Amino acid sequence: MPIRNRYAEMHSEIIEWRHDFHIHPELLFDVHRTAARVAELLRSFGCDEIVEGVGRTGVVGVIKGKSCESGKVIGLRADMDALPILEMTGLDYASQTPGKMHACGHDGHTAMLLGAAKYLTETRNFDGTAVVVFQPAEEGGGGGLAMCQDGLMDRFGIQEIYGMHNTPGLPVGQFAIRPGALMASSDEFEIVVTGKGGHAAAPHEAVDTTLVAAQILLSLQTVVSRNVDPIKRVVLTVGTFRTDSSASNVIANEVRMEGTVRALDAQYRSFAETRIRAISEGTAAALGASVEINWTPGYPVTVNTPEHTEFAAEVARSIAGNVDNNVDPIMPSEDFSYMLKERPGAYIFLGNGDTAMCHHPSYNFDDEAIPFGSSWYSGMIEARMNLAI
């Protein structure tokens, strides 16, 4: 099951789709142009059914094989949204919308799945039904959850589902995967410390919220260093620290901090929240301030089921030869995790070569990865729903 010659023939066409998406990036659920173009292409391929507006702006295409006697239905997912970043690539097909760019390669993911959809509608060399899922709002909007809540799995009878993400630093065309936790959960928190503002020359007449907040920030580092099993992976980061005064001679009345907690073990999500609340409330009380903690649950841990991970690795191995099937888990999060909570399946990494990292203004998806990704998508359908000859 190597790269199909058909993908070599289609390569320039798929690149055109990808560049068009790159020129016109859209954010979160506001992917109306992208979704409309995806639906238009699926119709031109001859998909048996195309449904728009799933999970607000998601698109789903249904492709039936030469036979459907197996009763199997397998989903393939790609994300469509871009990021609020000013592009600095200098490409001739760079974003034409200032402040928005495809800095994570979702344009490539969408194009590769479209290439697989075209191939599958042409050949239909499988026994069952393929469901191609184009998802909005992966970048913080929870589009995967929205599609699941809109009945994605039951409406289309999906029994197992697979997804893919490009990976800078991994050679183009190479694949990497692991069973179990692959990507971390990500939850956000806000800590608001309120004291008593005053003059910097008279701290004894104030409650110094900057000092209290700084003590909380430092103490939060003990959650990972002293409360988490050293062989587990948890990352706690305070990303912002803002006082309500910008004057050097003022003791602020309020300080606001925001951060994230990432974990590869679901048990540490609730544990981290408990410890953050205890440390913040205890420190504030000891120093005469009050505190408010706002916790926003984010994406869950992305967990590959072992059996389906091996299926995904076998197909990748047939395309690339050698596959890293025990890659280290990483701490970014991914809302394909919601789909994997609904159905068994797997998420795999595809090499993007020596490029800027994802979410960098100089990042660009490598078009040479397209035949590998499209081959894997369609290969999953043909391998999992093998047509008896």
# chains A, B, ... in the order shown; residues from 1 in each chain; ligands from 1
$ closest_atom_pairs --of "range 89-126 of chain A" --to "range 1-20 of chain A" --cutoff "6 Å" --atoms "only C-alpha atoms" --output "JSON lines"
{"residue": "A:Asp107", "atom": "CA", "partner": "A:Arg18", "partner_atom": "CA", "distance": 5.4}
{"residue": "A:Gly108", "atom": "CA", "partner": "A:Arg18", "partner_atom": "CA", "distance": 5.7}
{"residue": "A:Ala111", "atom": "CA", "partner": "A:Arg18", "partner_atom": "CA", "distance": 5.3}
$ residues_around --residues "Ser362 in chain A" --least-positions-apart "3" --cutoff "7 Å" --atoms "only C-alpha atoms" --output "list in words"
Glu87, Met88, Thr89 and Ala356 of chain A
$ residues_around --residues "Phe126 in chain A" --least-positions-apart "5" --cutoff "8 Å" --atoms "only C-alpha atoms" --output "tab-separated table (two decimals) with C-alpha atoms, in the first residue's frame"
chain	number	residue	atom	x	y	z
A	65	GLY	CA	-17.64	1.51	-1.28
A	66	LYS	CA	-18.24	-0.95	-4.10
A	67	SER	CA	-19.84	-3.09	-1.42
A	381	ILE	CA	-10.33	3.09	4.56
A	382	GLU	CA	-9.07	0.40	2.21
A	385	MET	CA	-12.70	-2.19	5.06
A	386	ASN	CA	-10.82	-4.52	2.77
A	387	LEU	CA	-12.82	-5.45	-0.32
$ atom_distance --atom1 "CA of Asp265 in chain A" --atom2 "CA of Arg178 in chain A"
15.0 Å
$ residues_around --residues "Gln267 in chain A" --least-positions-apart "4" --cutoff "12 Å" --atoms "only C-alpha atoms" --output "number ranges by chain"
A: 185, 228-229, 232-234, 262-263, 271-274, 300-301
$ select_by_dssp --residues "range 126-362 of chain A" --states "helix (DSSP H, G or I)" --output "ChimeraX atom specification"
/A:143-149,152-156,203-205,209-227,267-286,306-320,336-342
